[in-house]
Structure formats: C-alpha cells, structure tokens
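Q: Input file: structure-v2.cif. Contents: mmCIF, C-alpha atoms.
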data_protein
#
loop_
_atom_site.group_PDB
_atom_site.id
_atom_site.type_symbol
_atom_site.label_atom_id
_atom_site.label_comp_id
_atom_site.auth_asym_id
_atom_site.auth_seq_id
_atom_site.Cartn_x
_atom_site.Cartn_y
_atom_site.Cartn_z
ATOM 1 C CA MET A 45 49.559 87.599 68.556
ATOM 2 C CA GLY A 46 51.157 90.994 67.868
ATOM 3 C CA LEU A 47 54.257 91.020 70.015
ATOM 4 C CA ARG A 48 55.577 94.385 68.899
ATOM 5 C CA GLY A 49 52.558 96.495 69.721
ATOM 6 C CA ALA A 50 52.364 100.148 70.674
ATOM 7 C CA ALA A 51 53.727 99.353 74.129
ATOM 8 C CA GLY A 52 57.198 98.773 72.655
ATOM 9 C CA PRO A 53 59.771 96.011 72.630
ATOM 10 C CA GLY A 54 59.934 95.699 76.441
ATOM 11 C CA GLN A 55 56.241 94.877 76.608
ATOM 12 C CA ALA A 56 56.618 92.519 73.629
ATOM 13 C CA PHE A 57 59.390 90.670 75.456
ATOM 14 C CA ALA A 58 57.347 90.429 78.660
ATOM 15 C CA GLU A 59 54.387 89.015 76.743
ATOM 16 C CA ALA A 60 56.482 86.504 74.798
ATOM 17 C CA TYR A 61 58.606 85.220 77.668
ATOM 18 C CA SER A 62 56.150 85.289 80.581
ATOM 19 C CA ALA A 63 54.988 82.008 82.109
ATOM 20 C CA ASP A 64 51.728 82.187 80.144
ATOM 21 C CA GLY A 65 53.323 83.499 76.935
ATOM 22 C CA PRO A 66 54.309 81.452 73.879
ATOM 23 C CA TRP A 67 57.539 80.137 75.414
ATOM 24 C CA GLY A 68 55.876 79.050 78.648
ATOM 25 C CA GLU A 69 53.077 77.391 76.723
ATOM 26 C CA LEU A 70 55.504 75.470 74.522
ATOM 27 C CA PHE A 71 57.737 74.410 77.410
ATOM 28 C CA GLY A 72 54.671 73.430 79.438
ATOM 29 C CA ARG A 73 53.915 70.683 76.922
ATOM 30 C CA ALA A 74 57.071 68.816 77.970
ATOM 31 C CA GLY A 75 57.665 66.491 80.872
ATOM 32 C CA GLY A 76 60.273 67.768 83.280
ATOM 33 C CA PHE A 77 59.432 71.458 82.793
ATOM 34 C CA LEU A 78 59.076 73.130 86.204
ATOM 35 C CA GLY A 79 58.172 76.688 85.195
ATOM 36 C CA THR A 80 59.342 80.053 83.920
ATOM 37 C CA GLU A 81 60.237 83.111 85.974
ATOM 38 C CA LEU A 82 60.477 86.574 84.398
ATOM 39 C CA TYR A 83 62.290 89.423 86.124
ATOM 40 C CA ARG A 84 62.425 93.061 84.973
ATOM 41 C CA ASP A 85 65.486 95.156 85.852
ATOM 42 C CA SER A 86 64.233 97.989 88.073
ATOM 43 C CA ASP A 87 67.011 100.317 86.877
ATOM 44 C CA ARG A 88 66.652 99.498 83.163
ATOM 45 C CA PRO A 89 62.978 98.785 82.378
ATOM 46 C CA GLY A 90 63.734 97.296 78.956
ATOM 47 C CA ARG A 91 66.086 94.689 80.444
ATOM 48 C CA PHE A 92 64.816 91.302 81.626
ATOM 49 C CA LEU A 93 66.024 88.006 82.980
ATOM 50 C CA THR A 94 64.094 84.819 82.342
ATOM 51 C CA ILE A 95 64.677 81.578 84.167
ATOM 52 C CA ASP A 96 63.220 78.445 82.627
ATOM 53 C CA ARG A 97 63.378 75.684 85.196
ATOM 54 C CA TRP A 98 63.735 72.044 84.193
ATOM 55 C CA ARG A 99 63.965 68.945 86.383
ATOM 56 C CA ASP A 100 67.451 68.357 84.945
ATOM 57 C CA GLU A 101 69.460 68.767 81.770
ATOM 58 C CA GLN A 102 68.128 65.456 80.435
ATOM 59 C CA ALA A 103 64.558 66.834 80.597
ATOM 60 C CA TRP A 104 65.706 69.869 78.586
ATOM 61 C CA GLN A 105 67.431 67.659 76.013
ATOM 62 C CA ALA A 106 64.332 65.430 75.776
ATOM 63 C CA PHE A 107 62.228 68.545 75.154
ATOM 64 C CA LEU A 108 64.548 69.567 72.310
ATOM 65 C CA THR A 109 64.349 66.097 70.783
ATOM 66 C CA VAL A 110 60.548 66.027 70.777
ATOM 67 C CA PHE A 111 59.693 69.692 70.210
ATOM 68 C CA ARG A 112 62.625 70.976 68.134
ATOM 69 C CA PRO A 113 60.498 72.012 65.096
ATOM 70 C CA ASP A 114 58.082 73.991 67.303
ATOM 71 C CA TYR A 115 60.998 75.459 69.262
ATOM 72 C CA GLU A 116 62.820 76.599 66.129
ATOM 73 C CA THR A 117 59.640 78.049 64.609
ATOM 74 C CA LEU A 118 58.886 80.062 67.744
ATOM 75 C CA ASP A 119 62.510 81.150 68.077
ATOM 76 C CA ALA A 120 62.469 82.440 64.480
ATOM 77 C CA ARG A 121 59.133 84.200 65.000
ATOM 78 C CA LEU A 122 60.469 86.029 68.050
ATOM 79 C CA GLU A 123 63.882 86.804 66.533
ATOM 80 C CA GLY A 124 65.214 90.141 67.745
ATOM 81 C CA ILE A 125 63.129 90.418 70.920
ATOM 82 C CA ALA A 126 65.874 88.904 73.080
ATOM 83 C CA ALA A 127 69.382 90.336 72.829
ATOM 84 C CA ALA A 128 71.211 87.347 74.325
ATOM 85 C CA GLU A 129 70.490 83.836 75.472
ATOM 86 C CA ARG A 130 72.520 81.405 77.552
ATOM 87 C CA SER A 131 71.733 77.966 78.909
ATOM 88 C CA LEU A 132 72.949 77.274 82.420
ATOM 89 C CA PHE A 133 72.290 74.246 84.574
ATOM 90 C CA GLU A 134 72.802 73.925 88.285
ATOM 91 C CA GLY A 135 76.169 72.360 88.746
ATOM 92 C CA SER A 136 77.367 73.409 85.290
ATOM 93 C CA SER A 137 80.436 75.548 84.938
#
Would you mind writing the file out in structure tokens?

A:
Amino acid sequence: MGLRGAAGPGQAFAEAYSADGPWGELFGRAGGFLGTELYRDSDRPGRFLTIDRWRDEQAWQAFLTVFRPDYETLDARLEGIAAAERSLFEGSS
C-alpha cells in the first residue's frame, strides 16, 4: 500500500490510522481490542487524533506480548507519518 501518495501526508496518515487501515487491522487481531477512532482537526487539516480503545491496560500489554514483531514492523514502515504518540489509560495519571 502506498501511504505517501499524491494526496499528501495527511491523507497517508488517515489511511494508515483509520479503523480499517493497517493499525486497525493489526489491533483487530487481538482480544480486548475495542476499536479505533480517528479525528481530524477542523482548523488544521493535517493534524489528527487517534484513539485506540482497549478493554484495559492488560489487554494492551497482552497484545504487545503476542504481536510485538508485527507491531514493530508496522511502526517502522510508517515511521514519520505520526509526529507524536502517547499511551493513556482511563484512570492513569
């Protein structure tokens, strides 16, 4: 899949991080994954927020244990599309 097509990096990000994109497909293989939400900033079209929902932090950690090689491969392939990434869990500080 060509993620950096003529539509530009914003479109590449939307394709990669949408619910039916590579990340959603990979996460969907794991138990405890509840879905991905992708939001585009209406004032800055190239800025997005993704929310990957997991049953709990243990489901996320179990995903990493089982799928780490696939996760790291995809992360490397999509390097540079996302400017920042942060994991937050409900109840975390």

Q: Have a look at A:Gln55, A:Asp87, A:Ala74, A:Gly79 and name the one nearest to Ala106 (chain A); count only C-alpha atoms.

A: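 Smallest distance to Ala106 (chain A) is found for A:Ala74.
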
Q: Can you pull out every residue within 12 Å of Val110 (chain A), counting only C-alpha atoms, but drop anything in the same chain fewer than 4 positions away, and send it as a list of chain:residue names?

A: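 Within the cut-off, the hits are A:Leu70, A:Phe71, A:Arg73, A:Ala74, A:Gly75, A:Ala103, A:Trp104, A:Gln105, A:Ala106, A:Asp114, A:Tyr115, A:Glu116.
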
Q: How many Å separate CA of Arg88 (chain A) from CA of Ala126 (chain A)?

A: 14.6 Å

Q: For CA of Leu122 (chain A) and CA of Glu81 (chain A), determine how far apart the two atoms are, in Å to one decimal place.

A: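 One can read the CA of Leu122 (chain A) to CA of Glu81 (chain A) distance as 18.2 Å.
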
Q: From the options A:Arg84, A:Arg91, A:Arg121, A:Arg97, which residue's atoms come nearest to Gly72 (chain A), counting all atoms listed in the file?

A: A:Arg97
